[in-house]
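Asker: Let me begin by handing over the structure; questions about it come next.
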2 protein chains.
Amino acid sequence: MTATATDRRPPYAVAARELLRNTLLDAACEQLAGRRWSEVTMADIAGAAGVSRQTLYNEFGSRDEFAQVLVMREADRFLVAVQGAVNAHLDDPAQALAAAFDVFLQAAAENPLVRTIVHGDGAEELLALFTTHGTPLVEGAAERLTEVILAGWPLIARADIELLSECLVRLAISYAGLPKGPTSMSAASVATLLGPYVEQLIAGATTAAPPAARTP
Amino acid sequence: MTATATDRRPPYAVAARELLRNTLLDAACEQLAGRRWSEVTMADIAGAAGVSRQTLYNEFGSRDEFAQVLVMREADRFLVAVQGAVNAHLDDPAQALAAAFDVFLQAAAENPLVRTIVHGDGAEELLALFTTHGTPLVEGAAERLTEVILAGWPLIARADIELLSECLVRLAISYAGLPKGPTSMSAASVATLLGPYVEQLIAGATTAAPPAARTP
DNA sequence: AACATGTGTCTCACTGCTTGACACGCACCG
DNA sequence: CGGTGCGTGTCAAGCAGTGAGACACATGTT
C-alpha cells in the first residue's frame with residue numbers, strides 16, 4: 001500500500017454523488033450572483049447544473065432543505081479559512097483569535113452569497129437560516145470550530161472550548177450580518193474582549209495538566 | 001469573482017463521465033506504484049476505482065487502449081508543466097527551451113509511472129507506447145507543444161514550429177527513458193544545439209513580418 | 001373569477017452500472 | 001500430453017438513477 005492511509009480515493013459512486021450535489025450548489029451560487037433568491041427557481045438551478053428538476057428534488061428534498069445545505073456549505077468554507085488562520089498562530093491564542101475573526105469577516109464581506117443576504121434583496125428566507133432558523137448552522141459551526149481549537153490546544157477542557165466556540169460563532173454571524181467599521185477593528189474588539197478568557201484557559205490548562213500527565 | 005463567461009461549468013453528465021475516467025486512471029496509477037503493469041489486472045483497476053470491470057471495458061474498450069490513454073494523460077500533465085516554463089521565458093526563446101526541457105526531465109524523473117517504465121519492471125507493453133508504438137504519443141505531444149510555442153511566438157511560421165516540436169518531443173522521450181547526467185545538463189545541451197535554430201526563426205519572423213512595432 | 005407561475009409529487013422511458021456467465025488464449029503442472 | 005487456473009473480452013439480464021412530461025396545489029396577478 002503505497003498511498004498513505006489517510007488520503008484514500010473515494011469510490012466512483014460516492015464521488016459522483018458529491019459531484020452532483022456540488023454542481024447543483026455551485027449552479028445556485030452562480031444564479032444568486034445576479035438575482036435574488038426569491039427570483040431563482042428550482043428549474044433555474046437544475047437547468048444551470050445541466051440536470052433535471054426531478055434530480056434536484058431527489059437529491060435535496062425541498063427548496064428549504066436545499067437552501068439549508070447551501071448555507072451550511074458556505075459556512076464550512078469559511079471554517080476552512082478560519083482553521084488556516086488559527087493554525088498560523090498556535091503560539092499566541094489572542095492573536096489567533098483576532099486573525100481568525102478577521103479572516104472570517106474579510107471572506108464574508110467578499111462572499112457573494114453573504115452580500116446578497118446582507119444587502120437584503122429578497123433573500124429573507126436565507127437570512128432566517130442565519131438567525132432565527134440558524135440552529136443547525138450555529139451548532140454545526142460551533143462544533144466544527146471546537147474541533148479546530150481543540151486540535152490546536154489539546155490541553156484545554158472541551159466544555160470551555162465549546163462555550164467559547166458558540167460565543168465566537170454568534171459574534172461572527174452578528175458582525176457578518178451587520179458590519180461595524182473595518183473588519184480588523186471588529187476582530188481586534190473581539191480579541192480584546194475574549195483574550196483574557198482564553199489566556200486564563202491556557203494558563204489553567206498548562207499549570208493544571210502538564211504535557212506528560214493529563215487530567216480529565 | 002462570480003463567473004466569467006469563459007469558465008462555464010460543465011454540465012453534470014460531462015463532469016461525471018470525466019470523473020469516472022479519471023477515477024479509473026488514478027486507480028491504475030496507484031496500482032502501478034506498487035506492482036508491475038503486467039501484474040495489475042483489469043479487475044484490480046476496476047475494483048480500486050470502486051466500479052465494475054464491465055464499466056471499465058465500456059469506457060476504454062481494451063487493456064491496450066486503456067494503457068494508451070493512461071500514457072497520454074500522463075504526457076499531457078507534463079505538457080502543462082512545460083507550458084508554464086515556456087510562458088515564464090517568453091522574452092528569451094533559448095532560455096525557454098532550456099527551462100521547459102529541464103522542467104520536463106525533472107518531472108519525468110520523479111513521476112511514478114515513468115520510473116516504473118524506465119526501471120524496466122515488467123512494463124514492456126507500456127514502454128512500447130513511448131517508443132515503437134509511440135506514434136499517437138509523439139504526434140499528440142508535438143501537436144500540443146506546437147500550440148504552446150505558437151501561442152508564445154505567433155509570428156513564426158507554423159511549419160517551422162511543427163518541425164521543432166517533433167524534434168523536441170523525441171529528444172525529451174529519449175532523455176526521459178535514458179537519462180544522462182543531471183537534468184539541467186541535458187536541458188542545456190538541447191538548448192545549445194537548437195538555440196541557434198530558434199534564434200534564426202525569431203529573427204526571420206520579426207524582420208519578414210512586422211505587423212506592427214510590437215516585437216516581443 | 002380567470003389566469004399565470006412555481007412548488008412538490010408521480011409515472012414512464014431510457015441510459016448506464018452491476019452481476020453473473022461464457023468462450024478464448026495462455027501459462028503452469030502433473 | 002491433457003488438465004487446471006487465471007486473465008481478457010463479450011454478452012445478457014437486472015437494477016438504480018436521471019430525464020421528460022403531466023398533475024394537484026398554493027399564491028399572486030389582472
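Ordering of the C-alpha cells sets the chain letters (A, B, ...); residue numbers start at 1 within each chain; ligands are numbered from 1 in the order shown.
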Counting only C-alpha atoms (C1' of nucleotides), which residues of chain C sit at most 12 Å from some atom of chain A, and what is each one's closest atom pair with its distance in Å to one decimal, listed by chain and rising residue number, as a Markdown table?

Answerer:
| residue | atom | partner | partner_atom | distance |
| --- | --- | --- | --- | --- |
| C:DT5 | C1' | A:Thr41 | CA | 10.3 |
| C:DG6 | C1' | A:Thr41 | CA | 7.2 |
| C:DT7 | C1' | A:Arg63 | CA | 8.3 |
| C:DG8 | C1' | A:Ser62 | CA | 7.7 |
| C:DT9 | C1' | A:Gln54 | CA | 9.6 |
| C:DC10 | C1' | A:Gln54 | CA | 10.7 |
| C:DC17 | C1' | A:Ala13 | CA | 9.7 |

Asker: Take the selection from the previous step and output its residues with N, CA and C atoms (P, O5', C5', C4', C3', O3' and C1' of nucleotides), as an mmCIF file, in the first residue's frame.

Answerer:
data_model
loop_
_atom_site.group_PDB
_atom_site.id
_atom_site.type_symbol
_atom_site.label_atom_id
_atom_site.label_comp_id
_atom_site.auth_asym_id
_atom_site.auth_seq_id
_atom_site.Cartn_x
_atom_site.Cartn_y
_atom_site.Cartn_z
ATOM 1 P P DT C 5 -46.533 32.772 -17.121
ATOM 2 O "O5'" DT C 5 -45.950 32.376 -15.685
ATOM 3 C "C5'" DT C 5 -45.812 33.397 -14.692
ATOM 4 C "C4'" DT C 5 -45.434 32.771 -13.359
ATOM 5 C "C3'" DT C 5 -44.376 31.664 -13.466
ATOM 6 O "O3'" DT C 5 -43.307 31.950 -12.587
ATOM 7 C "C1'" DT C 5 -46.205 30.942 -12.154
ATOM 8 P P DG C 6 -41.873 31.150 -12.732
ATOM 9 O "O5'" DG C 6 -41.828 30.259 -11.412
ATOM 10 C "C5'" DG C 6 -41.955 30.897 -10.153
ATOM 11 C "C4'" DG C 6 -42.265 29.868 -9.094
ATOM 12 C "C3'" DG C 6 -41.348 28.631 -9.111
ATOM 13 O "O3'" DG C 6 -40.827 28.394 -7.809
ATOM 14 C "C1'" DG C 6 -43.620 27.980 -9.103
ATOM 15 P P DT C 7 -39.787 27.184 -7.541
ATOM 16 O "O5'" DT C 7 -40.575 26.213 -6.569
ATOM 17 C "C5'" DT C 7 -41.246 26.731 -5.446
ATOM 18 C "C4'" DT C 7 -42.200 25.693 -4.874
ATOM 19 C "C3'" DT C 7 -41.555 24.345 -4.552
ATOM 20 O "O3'" DT C 7 -41.807 24.005 -3.197
ATOM 21 C "C1'" DT C 7 -43.532 24.056 -5.856
ATOM 22 P P DG C 8 -40.826 22.938 -2.434
ATOM 23 O "O5'" DG C 8 -41.574 21.554 -2.717
ATOM 24 C "C5'" DG C 8 -42.879 21.382 -2.184
ATOM 25 C "C4'" DG C 8 -43.552 20.179 -2.828
ATOM 26 C "C3'" DG C 8 -42.728 18.888 -2.872
ATOM 27 O "O3'" DG C 8 -43.399 17.874 -2.146
ATOM 28 C "C1'" DG C 8 -43.810 19.286 -4.935
ATOM 29 P P DT C 9 -42.778 16.418 -2.030
ATOM 30 O "O5'" DT C 9 -43.602 15.562 -3.088
ATOM 31 C "C5'" DT C 9 -45.023 15.603 -3.071
ATOM 32 C "C4'" DT C 9 -45.601 14.798 -4.228
ATOM 33 C "C3'" DT C 9 -44.958 13.423 -4.429
ATOM 34 O "O3'" DT C 9 -45.937 12.399 -4.286
ATOM 35 C "C1'" DT C 9 -45.188 14.593 -6.494
ATOM 36 P P DC C 10 -45.495 10.885 -4.262
ATOM 37 O "O5'" DC C 10 -45.924 10.383 -5.715
ATOM 38 C "C5'" DC C 10 -47.210 10.726 -6.241
ATOM 39 C "C4'" DC C 10 -47.258 10.441 -7.747
ATOM 40 C "C3'" DC C 10 -46.602 9.123 -8.149
ATOM 41 O "O3'" DC C 10 -47.587 8.232 -8.661
ATOM 42 C "C1'" DC C 10 -45.958 10.919 -9.596
ATOM 43 P P DC C 17 -21.548 4.130 -16.665
ATOM 44 O "O5'" DC C 17 -21.758 3.123 -15.446
ATOM 45 C "C5'" DC C 17 -22.228 3.633 -14.198
ATOM 46 C "C4'" DC C 17 -22.711 2.494 -13.330
ATOM 47 C "C3'" DC C 17 -21.658 1.395 -13.102
ATOM 48 O "O3'" DC C 17 -21.531 1.123 -11.716
ATOM 49 C "C1'" DC C 17 -23.699 0.472 -13.914
#

Asker: Could the residues of chain D within 12 Å of chain B, counting only C-alpha atoms (C1' of nucleotides), be given as a PyMOL selection string, please?

Answerer: chain D and resi 6-11+18-19

Asker: Take the residues from that selection and put them in a file with C-alpha atoms (C1' of nucleotides), as a PDB file, in the first residue's frame.

Answerer:
ATOM      1  C1'  DC D   6      -6.036 -17.104 -14.439  1.00  0.00           C
ATOM      2  C1'  DG D   7      -6.963 -13.068 -17.133  1.00  0.00           C
ATOM      3  C1'  DT D   8      -9.088 -10.957 -21.180  1.00  0.00           C
ATOM      4  C1'  DG D   9     -13.013  -9.750 -23.772  1.00  0.00           C
ATOM      5  C1'  DT D  10     -18.047 -10.185 -24.615  1.00  0.00           C
ATOM      6  C1'  DC D  11     -22.800 -10.942 -23.666  1.00  0.00           C
ATOM      7  C1'  DT D  18     -31.788  10.515 -14.497  1.00  0.00           C
ATOM      8  C1'  DG D  19     -34.861  12.902 -17.999  1.00  0.00           C
TER       9       DG D  19
END

Asker: Show me, as an MDAnalysis selection string, the residues of chain B whose atoms get within 8 Å of chain A, using only C-alpha atoms for the distance check.

Answerer: chainID B and resid 2:3 9:13 15:16 19:20 23 30 33:34 48:51

Asker: Got time to write the residues from that selection, C-alpha atoms, as a PDB file, in the first residue's frame?

Answerer:
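Done, and the output landed in out-v4.pdb:
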ATOM      1  CA  THR B   2     -18.759  35.394  -9.686  1.00  0.00           C
ATOM      2  CA  ALA B   3     -18.258  33.659 -13.027  1.00  0.00           C
ATOM      3  CA  ARG B   9     -19.395  24.965 -15.502  1.00  0.00           C
ATOM      4  CA  PRO B  10     -19.573  21.686 -17.412  1.00  0.00           C
ATOM      5  CA  PRO B  11     -22.956  20.023 -17.213  1.00  0.00           C
ATOM      6  CA  TYR B  12     -23.118  17.246 -14.677  1.00  0.00           C
ATOM      7  CA  ALA B  13     -23.299  14.466 -17.240  1.00  0.00           C
ATOM      8  CA  ALA B  15     -18.316  16.041 -15.457  1.00  0.00           C
ATOM      9  CA  ALA B  16     -19.472  12.655 -14.231  1.00  0.00           C
ATOM     10  CA  LEU B  19     -14.765  11.804 -13.158  1.00  0.00           C
ATOM     11  CA  LEU B  20     -15.273   8.150 -13.999  1.00  0.00           C
ATOM     12  CA  THR B  23     -11.023   7.735 -11.181  1.00  0.00           C
ATOM     13  CA  GLU B  30      -1.975   3.787  -7.678  1.00  0.00           C
ATOM     14  CA  ALA B  33       3.131   2.337  -7.753  1.00  0.00           C
ATOM     15  CA  GLY B  34       3.404  -0.989  -6.017  1.00  0.00           C
ATOM     16  CA  ALA B  48      -9.689   0.084  -6.863  1.00  0.00           C
ATOM     17  CA  ALA B  49     -11.890   2.638  -8.604  1.00  0.00           C
ATOM     18  CA  GLY B  50     -14.993   1.242  -6.951  1.00  0.00           C
ATOM     19  CA  VAL B  51     -16.526   0.276 -10.254  1.00  0.00           C
TER      20      VAL B  51
END

Asker: Per DSSP on the backbone, what are the helix (DSSP H, G or I) residues of stretch 69-139 of chain B, as a ChimeraX atom specification?

Answerer: /B:69-87,93-110,112-119,124-130,135-139

Asker: So that I have them on file, write out the residues from the current selection with C-alpha atoms, as a CSV table (one decimal), in the first residue's frame.

Answerer:
chain,number,residue,atom,x,y,z
B,69,VAL,CA,-4.9,6.7,-22.6
B,70,LEU,CA,-3.0,6.3,-19.3
B,71,VAL,CA,0.2,7.2,-21.0
B,72,MET,CA,-1.4,10.1,-23.0
B,73,ARG,CA,-2.8,11.6,-19.8
B,74,GLU,CA,0.5,11.5,-18.1
B,75,ALA,CA,2.1,13.1,-21.1
B,76,ASP,CA,-0.5,15.8,-21.0
B,77,ARG,CA,0.4,16.6,-17.4
B,78,PHE,CA,4.0,17.1,-18.4
B,79,LEU,CA,2.9,19.4,-21.2
B,80,VAL,CA,1.1,21.5,-18.7
B,81,ALA,CA,4.3,21.9,-16.7
B,82,VAL,CA,6.2,22.6,-19.9
B,83,GLN,CA,3.7,25.2,-20.9
B,84,GLY,CA,4.3,27.0,-17.6
B,85,ALA,CA,8.0,27.0,-18.1
B,86,VAL,CA,7.7,28.3,-21.7
B,87,ASN,CA,5.4,31.1,-20.7
B,93,PRO,CA,13.5,31.7,-26.5
B,94,ALA,CA,16.7,29.8,-25.8
B,95,GLN,CA,16.2,30.1,-22.1
B,96,ALA,CA,12.6,29.0,-22.5
B,97,LEU,CA,13.8,25.9,-24.4
B,98,ALA,CA,16.2,25.0,-21.6
B,99,ALA,CA,13.7,25.7,-18.8
B,100,ALA,CA,11.0,23.7,-20.4
B,101,PHE,CA,13.3,20.8,-21.1
B,102,ASP,CA,14.6,20.9,-17.5
B,103,VAL,CA,11.1,21.0,-16.1
B,104,PHE,CA,10.1,18.1,-18.2
B,105,LEU,CA,13.0,15.9,-17.3
B,106,GLN,CA,12.7,16.8,-13.6
B,107,ALA,CA,9.0,15.9,-13.6
B,108,ALA,CA,9.7,12.7,-15.6
B,109,ALA,CA,12.4,11.6,-13.2
B,110,GLU,CA,10.0,12.0,-10.3
B,112,PRO,CA,6.0,7.1,-10.6
B,113,LEU,CA,4.7,5.9,-14.0
B,114,VAL,CA,7.8,6.9,-15.8
B,115,ARG,CA,10.1,5.5,-13.1
B,116,THR,CA,8.2,2.2,-13.4
B,117,ILE,CA,8.7,2.1,-17.1
B,118,VAL,CA,12.3,3.2,-17.1
B,119,HIS,CA,13.2,0.8,-14.4
B,124,GLU,CA,7.4,-3.6,-21.6
B,125,GLU,CA,4.0,-3.0,-23.1
B,126,LEU,CA,3.9,0.5,-21.6
B,127,LEU,CA,7.5,1.1,-22.8
B,128,ALA,CA,6.4,0.3,-26.3
B,129,LEU,CA,3.8,3.0,-26.1
B,130,PHE,CA,6.6,5.5,-25.7
B,135,THR,CA,3.0,7.4,-32.8
B,136,PRO,CA,-0.1,8.7,-31.0
B,137,LEU,CA,2.0,10.0,-28.2
B,138,VAL,CA,4.7,11.7,-30.3
B,139,GLU,CA,2.2,13.2,-32.7

Asker: Mind pulling up the distance from atom C1' of C:DG20 to atom CA of B:Leu25?

Answerer: 25.4 Å

Asker: Report as a ChimeraX atom specification all protein, DNA and RNA residues lying within 12 Å of stretch 188-198 of chain A, evaluated on only C-alpha atoms (C1' of nucleotides), omitting residues in the same chain fewer than 2 positions from it.

Answerer: /A:92-103,105,149,153,156-157,160-161,163-165,167-172,174-175,180-186,200-205

Asker: So the first atom is atom CA of B:Ala142 and the second is atom CA of B:Gln68; what is the distance between them in Å, to one decimal place?

Answerer: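 Rounded to one decimal, the two atoms are 16.3 Å apart.
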
Asker: What is the atom CA of A:Thr55 to atom CA of B:Phe60 distance in Å?

Answerer: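 About the pair atom CA of A:Thr55 and atom CA of B:Phe60: they are 27.8 Å apart.
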
Asker: Using only C-alpha atoms (C1' of nucleotides) for the distances, tell me which of D:DA24, D:DA12, D:DT30, D:DG17 is nearest to A:Asn58.

Answerer: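 Using only C-alpha atoms (C1' of nucleotides), A:Asn58 sits closest to D:DG17.
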
Asker: Near C:DC12, counting only C-alpha atoms (C1' of nucleotides), which residues have an atom at most 12 Å away, once you skip same-chain residues fewer than 4 positions from it, shown as a ChimeraX atom specification?

Answerer: /D:19-22
